[in-house]
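File shown here: protein-v3.txt, holding compact mmCIF, C-alpha atoms and all ligand atoms.
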```txt
# COMPACT_ATOMS: atom_id res chain seq x y z
CA MET A 13 -3.41 -91.22 -99.95
CA SER A 14 -1.36 -89.59 -97.28
CA GLU A 15 -0.98 -92.05 -94.45
CA GLY A 16 2.41 -91.52 -92.93
CA PRO A 17 4.42 -92.04 -89.84
CA ALA A 18 3.86 -89.39 -87.26
CA GLN A 19 5.94 -86.33 -86.63
CA THR A 20 7.19 -84.73 -83.49
CA GLY A 21 4.39 -83.71 -81.18
CA ASP A 22 1.84 -86.18 -82.46
CA ALA A 23 4.13 -89.20 -82.70
CA SER A 24 1.75 -91.64 -81.03
CA LEU A 25 -1.25 -90.33 -82.93
CA GLY A 26 -0.18 -91.34 -86.45
CA ARG A 27 -0.95 -88.04 -88.09
CA ARG A 28 -1.44 -87.90 -91.85
CA GLY A 29 0.58 -85.40 -93.83
CA LEU A 30 -1.38 -82.40 -95.10
CA LEU A 31 -1.13 -80.38 -98.29
CA LEU A 32 -0.81 -76.66 -97.56
CA VAL A 33 -1.69 -74.72 -100.71
CA LEU A 34 -0.84 -71.04 -101.21
CA SER A 35 -2.37 -69.08 -104.09
CA SER A 36 -2.47 -65.38 -104.87
CA PRO A 37 -2.25 -62.98 -107.74
CA SER A 38 1.30 -62.91 -109.06
CA GLY A 39 3.51 -60.73 -106.86
CA ALA A 40 1.42 -60.80 -103.66
CA GLY A 41 4.16 -62.70 -101.84
CA LYS A 42 3.63 -66.49 -102.00
CA THR A 43 7.25 -67.31 -102.84
CA THR A 44 8.56 -65.01 -100.11
CA LEU A 45 6.22 -66.50 -97.51
CA SER A 46 6.89 -70.07 -98.66
CA ARG A 47 10.65 -69.64 -98.26
CA ARG A 48 10.26 -68.16 -94.79
CA LEU A 49 7.83 -70.85 -93.72
CA LEU A 50 10.14 -73.63 -94.95
CA ASP A 51 13.02 -72.04 -93.04
CA VAL A 52 11.16 -71.97 -89.74
CA GLU A 53 9.38 -75.32 -90.11
CA GLY A 54 12.51 -77.29 -90.95
CA SER A 55 12.07 -80.92 -91.88
CA GLN A 56 8.38 -81.07 -90.96
CA LEU A 57 7.41 -79.26 -94.15
CA SER A 58 8.62 -79.91 -97.70
CA MET A 59 8.09 -77.82 -100.81
CA SER A 60 6.44 -79.31 -103.86
CA ILE A 61 8.65 -78.37 -106.81
CA SER A 62 6.57 -77.85 -109.91
CA VAL A 63 7.46 -78.52 -113.51
CA THR A 64 7.04 -75.61 -115.88
CA THR A 65 7.58 -74.69 -119.50
CA ARG A 66 8.35 -71.08 -118.42
CA PRO A 67 11.97 -70.10 -119.02
CA PRO A 68 14.02 -69.63 -115.83
CA ARG A 69 14.33 -66.12 -114.38
CA PRO A 70 17.81 -64.85 -113.57
CA GLY A 71 19.02 -66.73 -110.50
CA GLU A 72 16.39 -69.47 -110.64
CA VAL A 73 17.84 -72.96 -110.27
CA ASP A 74 16.53 -76.10 -111.99
CA GLY A 75 15.27 -78.57 -109.40
CA GLN A 76 15.16 -75.91 -106.71
CA ASP A 77 12.73 -73.23 -107.92
CA TYR A 78 11.12 -75.36 -110.62
CA TRP A 79 11.91 -78.24 -112.89
CA PHE A 80 12.22 -76.39 -116.18
CA VAL A 81 10.99 -78.67 -118.97
CA SER A 82 10.09 -78.51 -122.65
CA GLU A 83 6.47 -78.57 -123.80
CA SER A 84 6.89 -82.11 -125.11
CA THR A 85 8.21 -83.35 -121.73
CA PHE A 86 5.34 -81.59 -119.97
CA THR A 87 2.78 -83.17 -122.32
CA GLU A 88 4.36 -86.58 -121.82
CA MET A 89 4.16 -86.20 -118.03
CA ARG A 90 0.56 -84.99 -118.18
CA GLU A 91 -0.60 -87.73 -120.53
CA GLY A 92 1.26 -90.37 -118.52
CA GLY A 93 -0.69 -89.38 -115.38
CA ARG A 94 2.49 -88.13 -113.71
CA LEU A 95 0.99 -84.76 -112.70
CA LEU A 96 -1.27 -84.42 -109.69
CA GLU A 97 -2.64 -81.19 -111.15
CA TRP A 98 -1.67 -78.82 -113.93
CA ALA A 99 -2.70 -75.51 -115.46
CA GLN A 100 -1.84 -72.97 -118.08
CA VAL A 101 -0.91 -69.70 -116.38
CA PHE A 102 0.25 -66.55 -118.18
CA GLY A 103 0.76 -68.60 -121.35
CA ASN A 104 3.04 -71.19 -119.74
CA LEU A 105 2.31 -74.68 -118.45
CA TYR A 106 2.79 -75.56 -114.79
CA GLY A 107 2.19 -78.83 -112.98
CA THR A 108 2.79 -80.76 -109.77
CA PRO A 109 4.77 -84.00 -110.12
CA ARG A 110 2.74 -86.77 -108.51
CA ASP A 111 5.57 -89.09 -107.39
CA SER A 112 7.54 -86.62 -105.31
CA VAL A 113 4.45 -85.35 -103.47
CA GLU A 114 3.20 -88.86 -102.72
CA ALA A 115 6.66 -89.85 -101.46
CA MET A 116 6.81 -86.83 -99.12
CA LEU A 117 3.34 -87.52 -97.74
CA ARG A 118 4.16 -91.21 -97.28
CA THR A 119 7.12 -90.32 -95.10
CA GLY A 120 4.90 -88.16 -92.92
CA HIS A 121 5.90 -84.75 -94.27
CA ASP A 122 3.46 -81.92 -94.80
CA VAL A 123 3.81 -80.50 -98.29
CA LEU A 124 3.67 -76.83 -99.29
CA PHE A 125 2.36 -75.78 -102.72
CA ASP A 126 2.69 -72.43 -104.51
CA ILE A 127 0.11 -72.93 -107.24
CA ASP A 128 -2.73 -71.01 -108.89
CA TRP A 129 -6.47 -71.36 -108.26
CA GLN A 130 -6.94 -73.95 -111.02
CA GLY A 131 -4.38 -76.24 -109.43
CA ALA A 132 -5.76 -75.62 -105.94
CA ARG A 133 -9.21 -76.61 -107.15
CA GLN A 134 -7.92 -79.82 -108.75
CA LEU A 135 -6.07 -80.84 -105.58
CA ALA A 136 -9.13 -80.13 -103.45
CA GLU A 137 -11.29 -82.24 -105.78
CA LYS A 138 -8.87 -85.16 -105.65
CA ILE A 139 -7.74 -85.16 -102.02
CA ALA A 140 -10.31 -82.99 -100.27
CA GLU A 141 -9.73 -83.85 -96.64
CA ASP A 142 -5.97 -83.37 -96.59
CA VAL A 143 -5.83 -80.10 -98.53
CA VAL A 144 -5.67 -76.77 -96.67
CA ARG A 145 -6.02 -73.77 -98.97
CA VAL A 146 -4.72 -70.31 -98.13
CA PHE A 147 -5.26 -67.30 -100.37
CA VAL A 148 -2.78 -64.43 -100.08
CA LEU A 149 -4.08 -60.96 -100.96
CA PRO A 150 -1.99 -57.84 -101.56
CA PRO A 151 -2.94 -54.88 -99.33
CA THR A 152 -3.71 -52.66 -102.35
CA ALA A 153 -3.54 -52.75 -106.14
CA ALA A 154 -0.74 -50.19 -106.04
CA ALA A 155 1.28 -52.34 -103.64
CA LEU A 156 0.87 -55.32 -105.97
CA ALA A 157 2.13 -53.32 -108.96
CA GLU A 158 5.03 -52.01 -106.93
CA ARG A 159 6.00 -55.51 -105.74
CA LEU A 160 5.94 -56.90 -109.28
CA GLU A 161 8.06 -54.01 -110.53
CA ARG A 162 10.46 -54.04 -107.60
CA ARG A 163 11.04 -57.77 -107.97
CA ASN A 164 12.61 -56.70 -111.24
CA GLN A 165 12.60 -60.16 -112.75
CA ASP A 166 10.05 -59.82 -115.50
CA SER A 167 9.78 -57.55 -118.51
CA ALA A 168 7.33 -54.62 -118.46
CA SER A 169 4.96 -56.56 -120.71
CA VAL A 170 5.02 -59.60 -118.41
CA VAL A 171 4.35 -57.35 -115.38
CA ALA A 172 1.44 -55.74 -117.26
CA GLN A 173 0.06 -59.17 -118.18
CA ARG A 174 0.24 -60.31 -114.55
CA MET A 175 -1.47 -57.13 -113.30
CA ALA A 176 -4.20 -57.65 -115.90
CA GLN A 177 -4.80 -61.21 -114.60
CA ALA A 178 -4.77 -60.24 -110.92
CA ALA A 179 -8.49 -59.47 -110.68
CA ASP A 180 -9.35 -62.85 -112.20
CA GLU A 181 -7.10 -64.74 -109.74
CA ILE A 182 -8.50 -62.72 -106.81
CA SER A 183 -12.07 -63.59 -107.84
CA HIS A 184 -11.39 -67.14 -106.54
CA TRP A 185 -10.59 -66.04 -102.99
CA ASP A 186 -13.77 -67.60 -101.60
CA GLU A 187 -12.75 -71.13 -102.68
CA TYR A 188 -10.07 -71.03 -99.96
CA ASP A 189 -10.17 -72.03 -96.29
CA TYR A 190 -8.12 -69.04 -95.11
CA VAL A 191 -7.24 -65.59 -96.44
CA ILE A 192 -4.15 -63.63 -95.45
CA VAL A 193 -3.72 -59.98 -96.40
CA ASN A 194 0.03 -59.70 -96.83
CA PHE A 195 0.73 -56.22 -95.40
CA ASP A 196 3.82 -57.35 -93.61
CA VAL A 197 5.88 -60.50 -94.15
CA GLU A 198 6.46 -61.20 -90.43
CA GLU A 199 2.76 -60.87 -89.59
CA SER A 200 1.71 -63.00 -92.56
CA LEU A 201 4.27 -65.62 -91.61
CA ALA A 202 2.89 -65.74 -88.07
CA GLU A 203 -0.63 -66.21 -89.47
CA LEU A 204 0.53 -69.02 -91.75
CA ARG A 205 2.27 -70.78 -88.87
CA ALA A 206 -0.87 -70.50 -86.76
CA ILE A 207 -2.94 -72.03 -89.56
CA LEU A 208 -0.49 -74.89 -89.96
CA LEU A 209 -0.36 -75.56 -86.23
CA ALA A 210 -4.15 -75.63 -85.92
CA GLU A 211 -4.63 -77.78 -89.02
CA ARG A 212 -2.08 -80.31 -87.77
CA ALA A 213 -4.18 -80.76 -84.62
CA ARG A 214 -7.43 -81.52 -86.46
CA ARG A 215 -9.07 -84.60 -84.98
CA GLN A 216 -9.71 -86.29 -88.34
CA ARG A 217 -6.01 -86.15 -89.27
CA LEU A 218 -4.97 -88.09 -86.17
CA LYS A 219 -5.54 -91.64 -87.29
CA GLY A 220 -4.18 -93.14 -84.10
CA LEU A 221 -6.49 -91.09 -81.89
CA PRO A 222 -9.18 -93.75 -81.27
CA ASP A 223 -6.50 -96.24 -80.06
CA PHE A 224 -4.82 -93.53 -78.03
CA VAL A 225 -8.08 -92.59 -76.29
CA ALA A 226 -9.01 -96.26 -75.78
CA LYS A 227 -5.69 -96.87 -74.02
CA LEU A 228 -6.18 -93.74 -71.94
CA HIS A 229 -9.63 -95.03 -70.91
CA LYS A 230 -8.20 -98.43 -70.02
CA ASP A 231 -5.37 -96.93 -67.99
CA LEU A 232 -7.76 -94.55 -66.25
CA GLY A 233 -9.95 -97.55 -65.36
CA LYS A 234 -6.94 -99.25 -63.78
CA ALA A 235 -5.97 -96.12 -61.89
CA VAL A 236 -9.26 -95.87 -59.92
N1 LIG A 301 4.60 -58.03 -97.21
C1 LIG A 301 5.42 -57.55 -98.18
N2 LIG A 301 5.75 -56.25 -98.17
C2 LIG A 301 6.57 -55.75 -99.14
N3 LIG A 301 7.10 -56.49 -100.17
C3 LIG A 301 6.79 -57.80 -100.20
C4 LIG A 301 5.92 -58.41 -99.22
N4 LIG A 301 5.81 -59.71 -99.53
C5 LIG A 301 6.54 -59.92 -100.64
N5 LIG A 301 7.13 -58.78 -101.05
C6 LIG A 301 8.00 -58.56 -102.24
O1 LIG A 301 7.14 -58.60 -103.38
C7 LIG A 301 7.80 -59.20 -104.49
C8 LIG A 301 6.93 -60.35 -105.03
O2 LIG A 301 6.91 -61.37 -104.05
P1 LIG A 301 6.91 -62.93 -104.45
O3 LIG A 301 7.88 -63.20 -105.53
O4 LIG A 301 7.02 -63.67 -103.17
O5 LIG A 301 5.43 -63.05 -105.04
P2 LIG A 301 4.64 -64.32 -105.62
O6 LIG A 301 3.25 -64.24 -105.11
O7 LIG A 301 5.38 -65.56 -105.32
O8 LIG A 301 4.68 -64.05 -107.18
P3 LIG A 301 4.52 -65.11 -108.40
O9 LIG A 301 3.15 -65.65 -108.34
O10 LIG A 301 4.76 -64.28 -109.60
O11 LIG A 301 5.56 -66.18 -108.23
C9 LIG A 301 9.18 -59.65 -104.01
O12 LIG A 301 10.13 -58.68 -104.40
C10 LIG A 301 9.02 -59.68 -102.47
O13 LIG A 301 10.24 -59.39 -101.82
N1 LIG A 302 -1.61 -74.87 -111.15
C1 LIG A 302 -0.31 -74.63 -110.93
N2 LIG A 302 0.14 -73.36 -110.82
C2 LIG A 302 1.43 -73.18 -110.55
C3 LIG A 302 2.33 -74.24 -110.40
N3 LIG A 302 3.56 -73.73 -110.15
C4 LIG A 302 3.43 -72.40 -110.11
N4 LIG A 302 2.15 -72.04 -110.36
C5 LIG A 302 1.58 -70.70 -110.42
O1 LIG A 302 1.94 -70.06 -111.62
C6 LIG A 302 1.92 -68.64 -111.41
C7 LIG A 302 3.14 -68.03 -112.02
O2 LIG A 302 4.31 -68.47 -111.37
P1 LIG A 302 5.73 -67.78 -111.71
O3 LIG A 302 6.74 -68.58 -110.96
O4 LIG A 302 5.88 -67.86 -113.19
O5 LIG A 302 5.65 -66.37 -111.22
C8 LIG A 302 1.83 -68.43 -109.90
O6 LIG A 302 0.48 -68.08 -109.60
C9 LIG A 302 2.12 -69.78 -109.34
O7 LIG A 302 1.47 -69.98 -108.10
C10 LIG A 302 1.82 -75.57 -110.52
O8 LIG A 302 2.54 -76.59 -110.41
N5 LIG A 302 0.52 -75.71 -110.79
```

Give the structure from the file, written as structure tokens.
Ligand SMILES: Nc1ncnc2c1ncn2[C@@H]1O[C@H](COP(=O)(O)OP(=O)(O)OP(=O)(O)O)[C@@H](O)[C@H]1O
Ligand SMILES: Nc1nc2c(ncn2[C@@H]2O[C@H](COP(=O)(O)O)[C@@H](O)[C@H]2O)c(=O)[nH]1
Amino acid sequence: MSEGPAQTGDASLGRRGLLLVLSSPSGAGKTTLSRRLLDVEGSQLSMSISVTTRPPRPGEVDGQDYWFVSESTFTEMREGGRLLEWAQVFGNLYGTPRDSVEAMLRTGHDVLFDIDWQGARQLAEKIAEDVVRVFVLPPTAAALAERLERRNQDSASVVAQRMAQAADEISHWDEYDYVIVNFDVEESLAELRAILLAERARRQRLKGLPDFVAKLHKDLGKAV
């Protein structure tokens, strides 16, 4: 589904866009790492903005952090096949709008997802070869609790609910291609960038490679 014009570096190789999926227990640092990665990657990487029935947190902006929708709109989108994946998480509904992701991939962008294990599994089932899954672990349980509390954006009961679900989310770590233990944001960011760089160079993503090599062969033949 993700044929697209090439990007800098592999322009003549016709690389397909990839789907970089981050999952973690709530509070381990996906949003923080996603923002940093988008900053450093510039136009090569675009964020998939999910729809959710969760109410906005203070400071969250509609269309930037999420598309905040009613349950009836969400159901309409889901039943109309307009979600690439969806899940119920912490009592709210979350989903990935199909059209925007397909448009980004068509124009040769890689797309970044901050979604839970259920969504990651659905994407991998649908588009296996273009999905790269990264699981982010907190260094310790205490650090996770501290990060959720320090973020200071959810009530004590919501924080408790998220801590209670953390073990369940973590139990899916082995469905992922890569695992990052997020001790330090800068180190984790460097690991993520290395993963992205290596995945972009995978032979099977470079659709123009056979033609490129054939031309190289031909030109080498002429040169001798
Ligand atoms: N390596 C780190 N060291 C210390 N604090 C961190 C680190 N990474 C993230 N944080 C902090 O932890 C808090 C939670 O991070 P963030 O919101 O990115 O988590 P998340 O995984 O996206 O959570 P959710 O799934 O609930 O959206 C934030 O206050 C963030 O600044
Ligand atoms: N399956 C999906 N999960 C999603 C999506 N968007 C976000 N999420 C996950 O939900 C939890 C909670 O997020 P929060 O913003 O309320 O803290 C977190 O694990 C996200 O990764 C989605 O479109 N699909």

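Using all atoms listed in the file, the shortest contact distance between ligand LIG 301 (chain A) and any of A:Lys234, A:Arg110, A:Arg90, A:Arg69 is found at A:Arg69.
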
Write out as a compact mmCIF listing (two decimals) with C-alpha atoms, keeping the file's coordinate frame which residues come within 12 Å of Arg215 (chain A) when counting all atoms listed in the file, dropping same-chain ones fewer than 2 positions away.
```
# COMPACT_ATOMS: atom_id res chain seq x y z
CA ASP A 22 1.84 -86.18 -82.46
CA LEU A 25 -1.25 -90.33 -82.93
CA GLY A 26 -0.18 -91.34 -86.45
CA ARG A 27 -0.95 -88.04 -88.09
CA ARG A 28 -1.44 -87.90 -91.85
CA GLU A 141 -9.73 -83.85 -96.64
CA ALA A 210 -4.15 -75.63 -85.92
CA GLU A 211 -4.63 -77.78 -89.02
CA ARG A 212 -2.08 -80.31 -87.77
CA ALA A 213 -4.18 -80.76 -84.62
CA ARG A 217 -6.01 -86.15 -89.27
CA LEU A 218 -4.97 -88.09 -86.17
CA LYS A 219 -5.54 -91.64 -87.29
CA GLY A 220 -4.18 -93.14 -84.10
CA LEU A 221 -6.49 -91.09 -81.89
CA PRO A 222 -9.18 -93.75 -81.27
CA VAL A 225 -8.08 -92.59 -76.29
```

Report task. Take the point (6.7, -66.3, -103.5) as written in the file and pick out every residue within 12 Å of it, counting all atoms listed in the file; give the list as a ChimeraX atom specification. Result -> /A:34-50,59,77,124-128,148,159-160,163,194,197

Please dump the current selection as an mmCIF file, in the coordinates of the input; keep C-alpha atoms.
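File written: selection-v3.cif
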```cif
data_model
loop_
_atom_site.group_PDB
_atom_site.id
_atom_site.type_symbol
_atom_site.label_atom_id
_atom_site.label_comp_id
_atom_site.auth_asym_id
_atom_site.auth_seq_id
_atom_site.Cartn_x
_atom_site.Cartn_y
_atom_site.Cartn_z
ATOM 1 C CA LEU A 34 -0.840 -71.040 -101.210
ATOM 2 C CA SER A 35 -2.370 -69.080 -104.090
ATOM 3 C CA SER A 36 -2.470 -65.380 -104.870
ATOM 4 C CA PRO A 37 -2.250 -62.980 -107.740
ATOM 5 C CA SER A 38 1.300 -62.910 -109.060
ATOM 6 C CA GLY A 39 3.510 -60.730 -106.860
ATOM 7 C CA ALA A 40 1.420 -60.800 -103.660
ATOM 8 C CA GLY A 41 4.160 -62.700 -101.840
ATOM 9 C CA LYS A 42 3.630 -66.490 -102.000
ATOM 10 C CA THR A 43 7.250 -67.310 -102.840
ATOM 11 C CA THR A 44 8.560 -65.010 -100.110
ATOM 12 C CA LEU A 45 6.220 -66.500 -97.510
ATOM 13 C CA SER A 46 6.890 -70.070 -98.660
ATOM 14 C CA ARG A 47 10.650 -69.640 -98.260
ATOM 15 C CA ARG A 48 10.260 -68.160 -94.790
ATOM 16 C CA LEU A 49 7.830 -70.850 -93.720
ATOM 17 C CA LEU A 50 10.140 -73.630 -94.950
ATOM 18 C CA MET A 59 8.090 -77.820 -100.810
ATOM 19 C CA ASP A 77 12.730 -73.230 -107.920
ATOM 20 C CA LEU A 124 3.670 -76.830 -99.290
ATOM 21 C CA PHE A 125 2.360 -75.780 -102.720
ATOM 22 C CA ASP A 126 2.690 -72.430 -104.510
ATOM 23 C CA ILE A 127 0.110 -72.930 -107.240
ATOM 24 C CA ASP A 128 -2.730 -71.010 -108.890
ATOM 25 C CA VAL A 148 -2.780 -64.430 -100.080
ATOM 26 C CA ARG A 159 6.000 -55.510 -105.740
ATOM 27 C CA LEU A 160 5.940 -56.900 -109.280
ATOM 28 C CA ARG A 163 11.040 -57.770 -107.970
ATOM 29 C CA ASN A 194 0.030 -59.700 -96.830
ATOM 30 C CA VAL A 197 5.880 -60.500 -94.150
#
```

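Atom C7 of ligand LIG 301 (chain A) lies 25.8 Å from CA of Leu209 (chain A).
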
Query raised in the report: Which residue gives the smallest distance to Leu201 (chain A) among A:Ala235, A:Val52, A:Ile61, A:Leu30, with only C-alpha atoms counted?
Result: A:Val52

Query raised in the report: Looking at all atoms listed in the file, which of A:Glu187, A:Asp180, A:Asp231, A:Glu158 is the one that sits closest to ligand LIG 301 (chain A)?
Result: A:Glu158

Requested in this report: Kindly indicate which residue among A:Arg214, A:Ser183, A:Val101, A:Thr119 lies nearest to ligand LIG 301 (chain A), using only C-alpha atoms and all ligand atoms for the distances.
Outcome: A:Val101
